[in-house]
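> Got a file for you: input-v7.cif, mmCIF, C-alpha atoms and all ligand atoms.
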data_query
#
loop_
_atom_site.label_atom_id
_atom_site.label_comp_id
_atom_site.auth_asym_id
_atom_site.auth_seq_id
_atom_site.Cartn_x
_atom_site.Cartn_y
_atom_site.Cartn_z
CA MET S 219 -121.95 -170.92 -148.31
CA SER S 220 -121.31 -169.05 -145.05
CA GLU S 221 -120.82 -171.05 -141.86
CA LEU S 222 -123.68 -171.07 -139.37
CA SER S 223 -123.24 -168.91 -136.26
CA PHE S 224 -123.37 -170.55 -132.83
CA ARG S 225 -126.81 -169.03 -132.34
CA GLU S 226 -128.06 -170.51 -135.60
CA ARG S 227 -126.69 -173.93 -134.65
CA ILE S 228 -128.46 -174.04 -131.29
CA SER S 229 -131.67 -172.30 -132.45
CA LYS S 230 -132.94 -175.60 -133.82
CA TYR S 231 -133.17 -176.88 -130.24
CA LEU S 232 -133.55 -173.74 -128.09
CA ASN S 233 -135.82 -170.72 -128.56
CA VAL S 234 -133.12 -168.13 -127.81
CA GLY S 235 -134.47 -165.14 -125.88
CA HIS S 236 -137.35 -167.21 -124.48
CA GLU S 237 -135.75 -170.40 -123.16
CA ILE S 238 -132.65 -171.45 -121.24
CA LEU S 239 -130.89 -174.83 -120.97
CA TYR S 240 -130.25 -176.09 -117.42
CA LEU S 241 -127.41 -178.65 -117.18
CA THR S 242 -126.49 -180.52 -114.00
CA ARG S 243 -123.00 -181.83 -113.25
CA SER S 244 -123.88 -185.42 -114.08
CA GLU S 245 -125.42 -184.28 -117.36
CA CYS S 246 -122.19 -182.41 -118.22
CA GLU S 247 -120.17 -185.54 -117.32
CA SER S 248 -122.46 -187.76 -119.40
CA LEU S 249 -121.47 -185.87 -122.56
CA HIS S 250 -117.93 -187.32 -122.40
CA ILE S 251 -116.39 -184.43 -124.29
CA SER S 252 -112.96 -185.68 -125.42
CA ARG S 253 -110.02 -184.61 -123.29
CA GLU S 254 -107.94 -184.08 -126.44
CA LEU S 255 -110.50 -181.55 -127.70
CA ILE S 256 -110.51 -179.80 -124.33
CA ARG S 257 -106.69 -179.65 -124.29
CA GLU S 258 -106.65 -178.21 -127.83
CA GLN S 259 -109.22 -175.59 -126.85
CA MET S 260 -107.10 -174.64 -123.81
CA GLU S 261 -104.09 -174.06 -126.01
CA VAL S 262 -106.17 -171.78 -128.24
CA ALA S 263 -107.73 -169.90 -125.28
CA LEU S 264 -104.41 -169.35 -123.49
CA SER S 265 -102.71 -167.96 -126.57
CA GLN S 266 -105.70 -165.84 -127.62
CA TYR S 267 -105.80 -164.37 -124.10
CA SER S 268 -102.12 -163.38 -124.28
CA LEU S 269 -102.57 -161.98 -127.79
CA ARG S 270 -105.42 -159.81 -126.44
CA GLN S 271 -107.97 -161.51 -128.67
CA THR S 272 -110.36 -162.17 -125.77
CA GLN S 273 -111.89 -160.01 -123.09
CA MET S 274 -111.47 -161.07 -119.51
CA PRO S 275 -111.24 -158.66 -116.61
CA ALA S 276 -109.22 -160.06 -113.67
CA LYS S 277 -111.23 -162.17 -111.21
CA SER S 278 -113.24 -160.32 -108.55
CA HIS S 279 -113.01 -161.75 -105.05
CA VAL S 280 -115.16 -161.31 -101.94
CA PHE S 281 -114.07 -162.98 -98.68
CA PRO S 282 -116.33 -164.26 -95.88
CA ASP S 283 -113.05 -165.10 -94.01
CA ALA S 284 -109.39 -166.09 -94.66
CA GLN S 285 -110.38 -169.69 -95.53
CA SER S 286 -113.28 -168.83 -97.84
CA VAL S 287 -113.75 -166.85 -101.01
CA PHE S 288 -116.28 -166.15 -103.76
CA ILE S 289 -114.87 -165.48 -107.21
CA GLY S 290 -116.67 -163.71 -110.08
CA MET S 291 -115.30 -164.58 -113.55
CA PRO S 292 -116.69 -163.06 -116.78
CA ALA S 293 -115.19 -163.74 -120.22
CA LEU S 294 -115.82 -163.15 -123.92
CA LEU S 295 -114.18 -165.14 -126.75
CA PRO S 296 -115.11 -163.79 -130.20
CA SER S 297 -113.59 -166.78 -132.03
CA GLU S 298 -115.95 -169.14 -130.16
CA GLN S 299 -118.88 -166.69 -130.06
CA SER S 300 -118.83 -167.46 -126.36
CA VAL S 301 -119.63 -165.08 -123.51
CA GLY S 302 -120.70 -165.56 -119.91
CA PHE S 303 -120.03 -165.43 -116.21
CA LYS S 304 -118.77 -168.08 -113.80
CA TRP S 305 -119.50 -167.82 -110.06
CA VAL S 306 -117.18 -169.90 -107.89
CA SER S 307 -116.95 -170.48 -104.13
CA ALA S 308 -113.92 -172.04 -102.39
CA TYR S 309 -114.51 -172.91 -98.73
CA ASN S 310 -111.42 -174.72 -97.38
CA ASN S 311 -113.20 -176.13 -94.29
CA ASN S 312 -116.21 -177.57 -96.13
CA GLN S 313 -115.12 -181.19 -95.89
CA LYS S 314 -114.67 -181.04 -92.11
CA GLN S 315 -117.71 -178.88 -91.39
CA PHE S 316 -120.32 -180.02 -93.91
CA GLY S 317 -118.90 -183.07 -95.69
CA LEU S 318 -118.93 -181.05 -98.90
CA PRO S 319 -116.16 -180.41 -101.47
CA SER S 320 -114.41 -177.07 -101.09
CA LEU S 321 -115.30 -175.79 -104.55
CA SER S 322 -118.65 -174.99 -106.16
CA ALA S 323 -119.11 -173.33 -109.55
CA MET S 324 -122.03 -172.38 -111.77
CA ILE S 325 -121.84 -170.95 -115.28
CA LEU S 326 -124.27 -168.53 -116.89
CA ALA S 327 -123.70 -168.51 -120.66
CA SER S 328 -125.27 -165.89 -122.92
CA ASP S 329 -125.94 -165.71 -126.64
CA TYR S 330 -123.13 -163.78 -128.33
CA GLU S 331 -125.43 -162.12 -130.83
CA CYS S 332 -128.46 -160.98 -128.78
CA GLY S 333 -127.07 -161.16 -125.23
CA TRP S 334 -129.89 -163.25 -123.76
CA PRO S 335 -128.99 -166.14 -121.41
CA ILE S 336 -128.86 -169.51 -123.14
CA ALA S 337 -127.61 -171.85 -120.38
CA PHE S 338 -127.31 -172.04 -116.61
CA MET S 339 -125.09 -174.98 -115.91
CA ASP S 340 -122.70 -176.74 -113.57
CA GLY S 341 -119.21 -175.25 -113.76
CA VAL S 342 -117.36 -177.87 -111.70
CA HIS S 343 -117.09 -180.52 -114.39
CA ILE S 344 -115.76 -178.03 -116.94
CA MET S 345 -113.33 -176.75 -114.31
CA GLU S 346 -112.10 -180.21 -113.35
CA THR S 347 -111.47 -181.13 -116.99
CA ARG S 348 -110.04 -177.84 -118.24
CA THR S 349 -107.69 -177.33 -115.24
CA PRO S 350 -105.65 -180.54 -115.81
CA ALA S 351 -105.78 -179.74 -119.55
CA VAL S 352 -104.21 -176.32 -118.86
CA ALA S 353 -101.59 -178.07 -116.67
CA MET S 354 -100.76 -180.40 -119.58
CA VAL S 355 -100.48 -177.48 -122.00
CA CYS S 356 -98.00 -175.93 -119.53
CA ALA S 357 -96.19 -179.28 -119.39
CA LYS S 358 -95.99 -179.48 -123.19
CA TYR S 359 -94.19 -176.13 -123.41
CA LEU S 360 -92.20 -176.14 -120.15
CA ALA S 361 -91.30 -179.68 -119.12
CA ASN S 362 -88.67 -182.14 -120.28
CA LEU S 363 -91.05 -184.29 -122.32
CA ASN S 364 -88.85 -187.35 -121.84
CA ALA S 365 -89.48 -187.17 -118.07
CA GLU S 366 -89.79 -190.57 -116.39
CA THR S 367 -91.37 -189.52 -113.10
CA PHE S 368 -94.44 -187.43 -112.33
CA GLY S 369 -95.62 -186.50 -108.84
CA MET S 370 -99.15 -185.35 -107.95
CA ILE S 371 -99.61 -183.62 -104.59
CA GLY S 372 -103.22 -183.21 -103.43
CA LEU S 373 -105.73 -185.78 -104.60
CA GLY S 374 -109.03 -183.98 -104.42
CA ARG S 375 -111.26 -183.32 -107.40
CA GLU S 376 -108.60 -181.39 -109.36
CA GLY S 377 -105.55 -183.50 -108.51
CA ARG S 378 -107.33 -186.78 -109.27
CA ASN S 379 -108.34 -185.47 -112.68
CA HIS S 380 -104.71 -184.86 -113.58
CA LEU S 381 -103.99 -188.60 -113.29
CA PRO S 382 -105.66 -189.93 -116.47
CA VAL S 383 -104.19 -187.15 -118.68
CA ILE S 384 -100.53 -187.24 -117.60
CA CYS S 385 -99.52 -190.04 -119.96
CA ASP S 386 -101.10 -188.23 -122.94
CA THR S 387 -98.21 -185.77 -122.62
CA PHE S 388 -95.37 -187.84 -121.14
CA LYS S 389 -94.80 -190.88 -123.32
CA ASN S 390 -91.63 -192.12 -121.52
CA LEU S 391 -93.09 -192.04 -118.04
CA LYS S 392 -92.05 -194.90 -115.77
CA LYS S 393 -93.81 -193.93 -112.55
CA ILE S 394 -96.53 -191.66 -111.15
CA TYR S 395 -96.13 -190.80 -107.46
CA VAL S 396 -99.13 -189.55 -105.51
CA TYR S 397 -99.22 -187.75 -102.17
CA ASP S 398 -102.02 -186.38 -100.01
CA VAL S 399 -102.28 -185.58 -96.30
CA PHE S 400 -104.99 -188.25 -96.21
CA GLU S 401 -103.73 -191.80 -96.76
CA SER S 402 -107.24 -192.79 -97.90
CA ALA S 403 -107.10 -190.21 -100.74
CA MET S 404 -103.89 -191.83 -102.05
CA ASP S 405 -105.35 -195.34 -101.82
CA LYS S 406 -108.53 -194.25 -103.59
CA ALA S 407 -106.62 -192.46 -106.38
CA ILE S 408 -104.57 -195.58 -107.08
CA ALA S 409 -107.63 -197.84 -106.91
CA ASP S 410 -109.60 -195.58 -109.24
CA PHE S 411 -106.93 -194.65 -111.80
CA GLN S 412 -104.26 -197.37 -111.96
CA SER S 413 -106.25 -199.23 -114.61
CA GLN S 414 -106.41 -196.06 -116.76
CA VAL S 415 -102.66 -195.36 -116.90
CA PRO S 416 -99.97 -197.57 -118.47
CA VAL S 417 -97.35 -196.98 -115.73
CA PRO S 418 -97.26 -197.94 -112.05
CA MET S 419 -98.74 -195.48 -109.58
CA GLU S 420 -97.11 -195.41 -106.16
CA LYS S 421 -97.90 -193.73 -102.86
CA ALA S 422 -95.02 -191.43 -101.96
CA SER S 423 -93.53 -192.23 -98.57
CA SER S 424 -93.42 -188.54 -97.66
CA LEU S 425 -93.81 -185.06 -99.08
CA GLU S 426 -90.02 -184.83 -99.19
CA GLN S 427 -89.76 -188.02 -101.24
CA ILE S 428 -92.33 -187.01 -103.86
CA VAL S 429 -90.68 -183.61 -104.28
CA LYS S 430 -87.17 -185.07 -104.59
CA ASP S 431 -88.09 -187.95 -106.89
CA SER S 432 -90.46 -186.30 -109.41
CA GLN S 433 -89.06 -184.69 -112.55
CA VAL S 434 -92.44 -183.10 -113.10
CA LEU S 435 -94.43 -182.14 -110.02
CA ALA S 436 -98.02 -180.91 -109.90
CA SER S 437 -99.83 -179.58 -106.88
CA ALA S 438 -103.57 -179.15 -106.30
CA THR S 439 -104.00 -178.72 -102.54
CA PHE S 440 -105.67 -175.46 -101.47
CA PHE S 441 -104.94 -171.78 -101.38
CA SER S 442 -105.70 -169.14 -98.81
CA THR S 443 -104.74 -165.61 -97.88
CA ASP S 444 -102.80 -167.17 -94.98
CA PRO S 445 -100.57 -169.72 -96.80
CA LYS S 446 -98.12 -171.86 -94.82
CA PRO S 447 -95.62 -173.54 -97.19
CA THR S 448 -94.76 -177.16 -96.39
CA ILE S 449 -92.18 -177.90 -99.13
CA LYS S 450 -88.60 -177.00 -98.24
CA ASP S 451 -86.63 -175.31 -100.97
CA GLU S 452 -83.68 -177.69 -100.56
CA TRP S 453 -85.90 -180.63 -101.57
CA VAL S 454 -86.61 -179.12 -105.02
CA PRO S 455 -84.12 -180.46 -107.62
CA LYS S 456 -82.68 -178.69 -110.67
CA GLY S 457 -84.51 -179.40 -113.91
CA GLN S 458 -87.84 -179.93 -112.18
CA THR S 459 -91.01 -178.58 -113.74
CA ILE S 460 -93.54 -177.52 -111.12
CA ILE S 461 -97.10 -176.95 -112.29
CA VAL S 462 -99.55 -175.79 -109.65
CA THR S 463 -103.26 -175.13 -109.60
CA ASP S 464 -103.16 -173.95 -105.97
CA LEU S 465 -101.10 -170.75 -106.29
CA HIS S 466 -97.99 -172.71 -105.14
CA SER S 467 -99.29 -172.44 -101.57
CA GLN S 468 -97.10 -175.38 -100.48
CA PHE S 469 -93.84 -173.98 -101.94
CA HIS S 470 -91.42 -171.71 -100.14
CA PRO S 471 -90.86 -168.37 -101.94
CA ASP S 472 -87.12 -169.23 -102.21
CA THR S 473 -88.09 -171.89 -104.78
CA ILE S 474 -90.13 -169.46 -106.82
CA ASN S 475 -87.36 -166.85 -106.59
CA ARG S 476 -84.66 -169.19 -107.83
CA ALA S 477 -86.76 -170.61 -110.68
CA ASP S 478 -85.18 -170.00 -114.10
CA LEU S 479 -88.63 -169.34 -115.50
CA TYR S 480 -91.78 -168.37 -113.59
CA VAL S 481 -94.84 -168.51 -115.82
CA VAL S 482 -98.46 -167.56 -115.14
CA ASP S 483 -101.60 -167.64 -117.28
CA SER S 484 -102.48 -163.98 -116.69
CA MET S 485 -100.09 -161.26 -115.54
CA GLU S 486 -103.06 -159.08 -114.62
CA GLN S 487 -104.69 -161.77 -112.54
CA GLN S 488 -101.37 -162.55 -110.86
CA LYS S 489 -100.99 -158.89 -109.84
CA GLY S 490 -104.43 -158.96 -108.19
CA LEU S 491 -103.64 -162.20 -106.35
CA VAL S 492 -100.38 -160.72 -105.03
CA GLU S 493 -102.24 -157.63 -103.80
CA GLU S 494 -104.87 -159.79 -102.11
CA GLY S 495 -102.17 -161.60 -100.10
CA TYR S 496 -102.37 -165.07 -101.65
CA PHE S 497 -98.60 -165.58 -101.74
CA TYR S 498 -96.29 -166.22 -98.80
CA GLY S 499 -93.30 -163.85 -98.63
CA THR S 500 -92.01 -161.98 -101.65
CA ILE S 501 -92.16 -163.63 -105.05
CA PRO S 502 -90.77 -162.40 -108.39
CA GLU S 503 -92.65 -160.82 -111.26
CA PRO S 504 -93.53 -163.64 -113.68
CA ASN S 505 -91.34 -163.87 -116.80
CA CYS S 506 -94.35 -164.25 -119.08
CA GLU S 507 -97.75 -165.81 -119.62
CA ILE S 508 -97.97 -169.38 -120.94
CA GLY S 509 -99.95 -167.93 -123.88
CA HIS S 510 -96.89 -165.85 -124.87
CA ILE S 511 -94.88 -169.08 -125.12
CA ILE S 512 -97.60 -170.88 -127.10
CA ALA S 513 -97.80 -167.89 -129.48
CA GLY S 514 -94.01 -167.89 -129.94
CA GLN S 515 -93.52 -164.53 -128.23
CA HIS S 516 -91.39 -165.94 -125.39
CA GLN S 517 -89.13 -168.97 -125.05
CA GLY S 518 -90.20 -171.95 -122.96
CA ARG S 519 -87.68 -174.46 -121.62
CA THR S 520 -84.26 -173.99 -123.19
CA SER S 521 -82.20 -176.50 -121.22
CA GLU S 522 -82.79 -179.71 -119.26
CA ASP S 523 -81.53 -178.37 -115.94
CA GLN S 524 -83.77 -175.31 -115.73
CA LEU S 525 -86.11 -175.14 -112.73
CA ILE S 526 -89.45 -173.96 -114.10
CA VAL S 527 -92.56 -173.03 -112.15
CA ALA S 528 -95.94 -172.62 -113.85
CA ASN S 529 -98.71 -171.03 -111.86
CA PRO S 530 -101.88 -170.98 -113.98
CA SER S 531 -104.40 -169.54 -111.54
CA GLY S 532 -107.33 -170.46 -113.79
CA MET S 533 -109.11 -168.10 -116.15
CA ALA S 534 -112.68 -167.61 -117.27
CA VAL S 535 -111.49 -167.81 -120.89
CA ASP S 536 -110.51 -171.44 -120.16
CA ASP S 537 -114.09 -172.20 -119.16
CA PHE S 538 -115.77 -170.27 -121.95
CA ALA S 539 -113.48 -171.83 -124.57
CA VAL S 540 -115.40 -175.10 -124.03
CA THR S 541 -118.77 -174.01 -122.64
CA GLY S 542 -120.31 -173.79 -126.12
CA LEU S 543 -119.12 -177.31 -126.88
CA PHE S 544 -121.01 -178.64 -123.85
CA ILE S 545 -124.15 -176.62 -124.63
CA LYS S 546 -124.27 -177.57 -128.31
CA THR S 547 -123.58 -181.25 -127.62
CA ALA S 548 -126.21 -181.39 -124.85
CA LEU S 549 -128.85 -179.77 -127.06
CA GLU S 550 -128.07 -182.06 -130.01
CA ARG S 551 -128.34 -185.14 -127.76
CA GLY S 552 -131.41 -183.96 -125.83
CA VAL S 553 -129.47 -183.83 -122.55
CA GLY S 554 -130.53 -181.30 -119.87
CA THR S 555 -133.74 -179.43 -119.12
CA ILE S 556 -135.07 -176.57 -121.19
CA LEU S 557 -136.75 -173.98 -118.97
CA PRO S 558 -138.74 -170.85 -119.86
CA LEU S 559 -137.02 -167.53 -119.13
N1 LIG S 601 -105.92 -172.93 -111.12
C1 LIG S 601 -107.10 -173.34 -111.49
O1 LIG S 601 -107.51 -173.20 -112.63
C2 LIG S 601 -107.96 -174.05 -110.50
C3 LIG S 601 -109.20 -174.58 -110.88
C4 LIG S 601 -109.91 -175.29 -109.95
C5 LIG S 601 -109.43 -175.44 -108.66
N2 LIG S 601 -108.23 -174.87 -108.33
C6 LIG S 601 -107.64 -175.02 -107.00
O2 LIG S 601 -107.06 -176.32 -106.96
C7 LIG S 601 -106.97 -176.74 -105.58
C8 LIG S 601 -107.57 -178.12 -105.42
O3 LIG S 601 -108.96 -178.06 -105.68
P1 LIG S 601 -109.88 -179.33 -105.38
O4 LIG S 601 -111.23 -179.00 -105.86
O5 LIG S 601 -109.21 -180.55 -105.88
O6 LIG S 601 -109.86 -179.32 -103.79
P2 LIG S 601 -110.17 -180.54 -102.83
O7 LIG S 601 -110.46 -179.92 -101.52
O8 LIG S 601 -111.16 -181.45 -103.44
O9 LIG S 601 -108.79 -181.35 -102.76
C9 LIG S 601 -107.62 -180.87 -102.17
C10 LIG S 601 -106.79 -182.08 -101.75
O10 LIG S 601 -105.52 -181.62 -101.30
C11 LIG S 601 -105.18 -182.33 -100.10
N3 LIG S 601 -104.25 -181.50 -99.34
C12 LIG S 601 -104.52 -180.39 -98.64
N4 LIG S 601 -103.39 -179.90 -98.12
C13 LIG S 601 -102.39 -180.71 -98.51
C14 LIG S 601 -101.00 -180.72 -98.31
N5 LIG S 601 -100.40 -179.78 -97.58
N6 LIG S 601 -100.27 -181.72 -98.86
C15 LIG S 601 -100.89 -182.69 -99.59
N7 LIG S 601 -102.20 -182.72 -99.81
C16 LIG S 601 -102.94 -181.74 -99.29
C17 LIG S 601 -106.51 -182.57 -99.41
O11 LIG S 601 -106.44 -183.64 -98.49
C18 LIG S 601 -107.42 -182.88 -100.62
O12 LIG S 601 -107.40 -184.25 -100.91
C19 LIG S 601 -107.66 -175.65 -104.79
O13 LIG S 601 -106.70 -174.74 -104.34
C20 LIG S 601 -108.56 -174.99 -105.81
O14 LIG S 601 -108.93 -173.70 -105.45
C21 LIG S 601 -107.51 -174.20 -109.22
#
Taking this structure as input, can you express it in the form of structure tokens?

Amino acid sequence: MSELSFRERISKYLNVGHEILYLTRSECESLHISRELIREQMEVALSQYSLRQTQMPAKSHVFPDAQSVFIGMPALLPSEQSVGFKWVSAYNNNQKQFGLPSLSAMILASDYECGWPIAFMDGVHIMETRTPAVAMVCAKYLANLNAETFGMIGLGREGRNHLPVICDTFKNLKKIYVYDVFESAMDKAIADFQSQVPVPMEKASSLEQIVKDSQVLASATFFSTDPKPTIKDEWVPKGQTIIVTDLHSQFHPDTINRADLYVVDSMEQQKGLVEEGYFYGTIPEPNCEIGHIIAGQHQGRTSEDQLIVANPSGMAVDDFAVTGLFIKTALERGVGTILPL
């Protein structure tokens, strides 16, 4: 018997072509989609992207000013029968000016077979779960997996969500260091997550200390077209794996230039980001995409003392690799609001 298509599976709950599912952030969170499933889907999406089995034009950007950007992100994944558009805003001064997080994101998902919209939904929860999952996929292929120390710089929405998933990948971890420009963000991260991880979390005494003492270092601060690196190259030790979600805005280009391996998620997207001025100074061409390594087309880490930098800038295929999972689960459980088109 042939397997049901995605459309057939959701048609029991949604009159496709006439109705749309609206899902808020808290409704997306309430589904508790397993982080293992999300990580597996990221591995599939990253490798399919690099094997040209998906369609995803590079992100389009429009800029109100140097600290603010809107990003348009379409994607199509035939294997998931998933297609849609994500609309993101990143306003770096939001917290100060409006008491709002810097990032907003909404997803418009369409039916793969007839093209009509099927869901208009929060994109932040998917982003905050898939981004740390992508970081952990990078870690799996690029880091020394026996690492004993992990450092997280930047403890906003994205950085905090790295904390519960780190020990899924690093089984020998002895310590997680955290660092943020706001002391309160470090205190809150430890208060919120210490009970969820089996190793001690510790506030780093300085940016220099977290950089020097972490075998694996992740950064989720902010990016802008006017980056001002704060991490000195001489602090960065050999053998470190650096995984950033913020376009390595805190790292000096000397570090990126001396890395033994510089990996991105999309060469095409990276080229656009370079042209738009997101990187300080001159940085090298990436060696490969992480998907090439997952697919066995390029080597990952080959020795313990290699300095490796992964710069996954975030792709729409990451989002649309799990969007269907959220939509189907919500419909099956009666979560969300069905609206007429
Ligand atoms: N690559 C991706 O797939 C992806 C996806 C989502 C978000 N992002 C990016 O990740 C970054 C973090 O996003 P967020 O939603 O968590 O933002 P956020 O504003 O909620 O948090 C950023 C945190 O970094 C801290 N910070 C800022 N500058 C710092 C510095 N120099 N040193 C230490 N801490 C510093 C801030 O105090 C804040 O706590 C942003 O650049 C965002 O655009 C990337």
> When you look at Arg519 in chain S with a cut-off of 10 Å (counting all atoms listed in the file), what residues show up, excluding the ones that are within fewer than 3 positions of it in the same chain? I need them as a ChimeraX atom specification.
/S:358-362,457,459,478-479,511,522-526
> Please check which protein, DNA or RNA residues sit within 7 Å of ligand LIG 601 (chain S), counting all atoms listed in the file, and write them as an MDAnalysis selection string.
chainID S and resid 308 310 319:321 345:346 349 371:377 397:400 403 438:441 448 463:464 468 530:533
> Write the residues of the preceding selection, restricted to C-alpha atoms, as a compact mmCIF listing (two decimals), in the frame of the given file.

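Written output follows (again.txt):
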# COMPACT_ATOMS: atom_id res chain seq x y z
CA ALA S 308 -113.92 -172.04 -102.39
CA ASN S 310 -111.42 -174.72 -97.38
CA PRO S 319 -116.16 -180.41 -101.47
CA SER S 320 -114.41 -177.07 -101.09
CA LEU S 321 -115.30 -175.79 -104.55
CA MET S 345 -113.33 -176.75 -114.31
CA GLU S 346 -112.10 -180.21 -113.35
CA THR S 349 -107.69 -177.33 -115.24
CA ILE S 371 -99.61 -183.62 -104.59
CA GLY S 372 -103.22 -183.21 -103.43
CA LEU S 373 -105.73 -185.78 -104.60
CA GLY S 374 -109.03 -183.98 -104.42
CA ARG S 375 -111.26 -183.32 -107.40
CA GLU S 376 -108.60 -181.39 -109.36
CA GLY S 377 -105.55 -183.50 -108.51
CA TYR S 397 -99.22 -187.75 -102.17
CA ASP S 398 -102.02 -186.38 -100.01
CA VAL S 399 -102.28 -185.58 -96.30
CA PHE S 400 -104.99 -188.25 -96.21
CA ALA S 403 -107.10 -190.21 -100.74
CA ALA S 438 -103.57 -179.15 -106.30
CA THR S 439 -104.00 -178.72 -102.54
CA PHE S 440 -105.67 -175.46 -101.47
CA PHE S 441 -104.94 -171.78 -101.38
CA THR S 448 -94.76 -177.16 -96.39
CA THR S 463 -103.26 -175.13 -109.60
CA ASP S 464 -103.16 -173.95 -105.97
CA GLN S 468 -97.10 -175.38 -100.48
CA PRO S 530 -101.88 -170.98 -113.98
CA SER S 531 -104.40 -169.54 -111.54
CA GLY S 532 -107.33 -170.46 -113.79
CA MET S 533 -109.11 -168.10 -116.15
> Could you pull the residues within 10 Å of Trp305 in chain S, counting all atoms listed in the file, minus those fewer than 5 positions along the same chain, as a list of chain:residue names?
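The neighbour list is S:Ser278, S:Phe288, S:Ile289, S:Gly290, S:Met291, S:Pro292, S:Ser322, S:Ala323, S:Met324, S:Ile325, S:Leu326, S:Gly341, S:Ala534.
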> Considering all atoms listed in the file, return as a VMD selection string whatever protein or nucleic-acid residues lie within 6 Å of range 389-394 of chain S, sequence-local ones (same chain, fewer than 3 positions apart) excluded.
chain S and resid 364 366 to 369 385 417 to 419
> Select from range 338-421 of chain S every residue with an atom at most 12 Å from any atom of range 249-267 of chain S, then for each give the shortest pair of atoms and their distance in Å to one decimal, using only C-alpha atoms, rows by chain and rising number, as JSON lines.

{"residue": "S:His343", "atom": "CA", "partner": "S:His250", "partner_atom": "CA", "distance": 10.5}
{"residue": "S:Ile344", "atom": "CA", "partner": "S:Ile256", "partner_atom": "CA", "distance": 9.2}
{"residue": "S:Met345", "atom": "CA", "partner": "S:Ile256", "partner_atom": "CA", "distance": 10.8}
{"residue": "S:Glu346", "atom": "CA", "partner": "S:Arg253", "partner_atom": "CA", "distance": 11.1}
{"residue": "S:Thr347", "atom": "CA", "partner": "S:Arg253", "partner_atom": "CA", "distance": 7.3}
{"residue": "S:Arg348", "atom": "CA", "partner": "S:Ile256", "partner_atom": "CA", "distance": 6.4}
{"residue": "S:Thr349", "atom": "CA", "partner": "S:Met260", "partner_atom": "CA", "distance": 9.0}
{"residue": "S:Pro350", "atom": "CA", "partner": "S:Arg257", "partner_atom": "CA", "distance": 8.6}
{"residue": "S:Ala351", "atom": "CA", "partner": "S:Arg257", "partner_atom": "CA", "distance": 4.8}
{"residue": "S:Val352", "atom": "CA", "partner": "S:Met260", "partner_atom": "CA", "distance": 6.0}
{"residue": "S:Ala353", "atom": "CA", "partner": "S:Arg257", "partner_atom": "CA", "distance": 9.3}
{"residue": "S:Met354", "atom": "CA", "partner": "S:Arg257", "partner_atom": "CA", "distance": 7.6}
{"residue": "S:Val355", "atom": "CA", "partner": "S:Glu261", "partner_atom": "CA", "distance": 6.4}
{"residue": "S:Cys356", "atom": "CA", "partner": "S:Glu261", "partner_atom": "CA", "distance": 9.1}
{"residue": "S:Ala357", "atom": "CA", "partner": "S:Glu261", "partner_atom": "CA", "distance": 11.6}
{"residue": "S:Lys358", "atom": "CA", "partner": "S:Glu261", "partner_atom": "CA", "distance": 10.1}
{"residue": "S:Tyr359", "atom": "CA", "partner": "S:Glu261", "partner_atom": "CA", "distance": 10.4}
{"residue": "S:Asn379", "atom": "CA", "partner": "S:Arg253", "partner_atom": "CA", "distance": 10.8}
{"residue": "S:His380", "atom": "CA", "partner": "S:Arg253", "partner_atom": "CA", "distance": 11.1}
{"residue": "S:Pro382", "atom": "CA", "partner": "S:Arg253", "partner_atom": "CA", "distance": 9.7}
{"residue": "S:Val383", "atom": "CA", "partner": "S:Arg253", "partner_atom": "CA", "distance": 7.9}
{"residue": "S:Ile384", "atom": "CA", "partner": "S:Arg253", "partner_atom": "CA", "distance": 11.4}
{"residue": "S:Asp386", "atom": "CA", "partner": "S:Glu254", "partner_atom": "CA", "distance": 8.7}
{"residue": "S:Thr387", "atom": "CA", "partner": "S:Glu254", "partner_atom": "CA", "distance": 10.6}
> For range 233-235 of chain S, list every protein, DNA or RNA residue within 9 Å, evaluated using all atoms listed in the file, and leave out those in the same chain fewer than 3 positions away; present the list as a list in words.
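Selected residues are Arg225, Ile228, Ser229, Lys230, Ile238, Asp329, Cys332, Gly333, Trp334, Pro335, Ile336 and Leu559 of chain S.
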> By how many Å are CA of Val540 in chain S and CA of Lys277 in chain S apart?
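Atom-to-atom, CA of Val540 in chain S and CA of Lys277 in chain S are spaced 18.7 Å apart.
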> So how many Å separate CA of Thr272 in chain S and CA of Pro296 in chain S, to one decimal?
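Pair CA of Thr272 in chain S / CA of Pro296 in chain S returns 6.7 Å.
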> Need the shell around Ala284 in chain S: protein/DNA/RNA residues with any atom at most 12 Å away, counting all atoms listed in the file. Skip same-chain ones fewer than 4 positions apart. Format as an MDAnalysis selection string?
chainID S and resid 279:280 288 308:311 441:445 494:496
> Build an axis-aligned box that encloses every atom of range 233-247 of chain S listed in the file, pad it by 8 Å on each side, and report its centre and edge lengths in Å to one decimal, as lines of an AutoDock Vina configuration file.

center_x = -128.8
center_y = -175.3
center_z = -120.9
size_x = 33.2
size_y = 36.4
size_z = 31.3
> Kindly give the distance, in Å, that separates CA of Pro282 in chain S and CA of Phe303 in chain S, rounded to a single decimal.
20.7 Å
> Which is closer to Ser432 in chain S than all the others in S:Ala477, S:Ile449, S:Met370, S:Ala548, using all atoms listed in the file?
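Answer, going by the shortest atom-to-atom distance: S:Met370.
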> Using only C-alpha atoms, collect all residues at a distance of at most 6 Å from (-95.0, -173.7, -112.2) as written in the file, then present them as a ChimeraX atom specification.
/S:460-462,526-529
> Find the residue from S:Ser248, S:Ser268, S:Ser223, S:Thr242 that sits nearest to His516 in chain S; use all atoms listed in the file when measuring.
S:Ser268
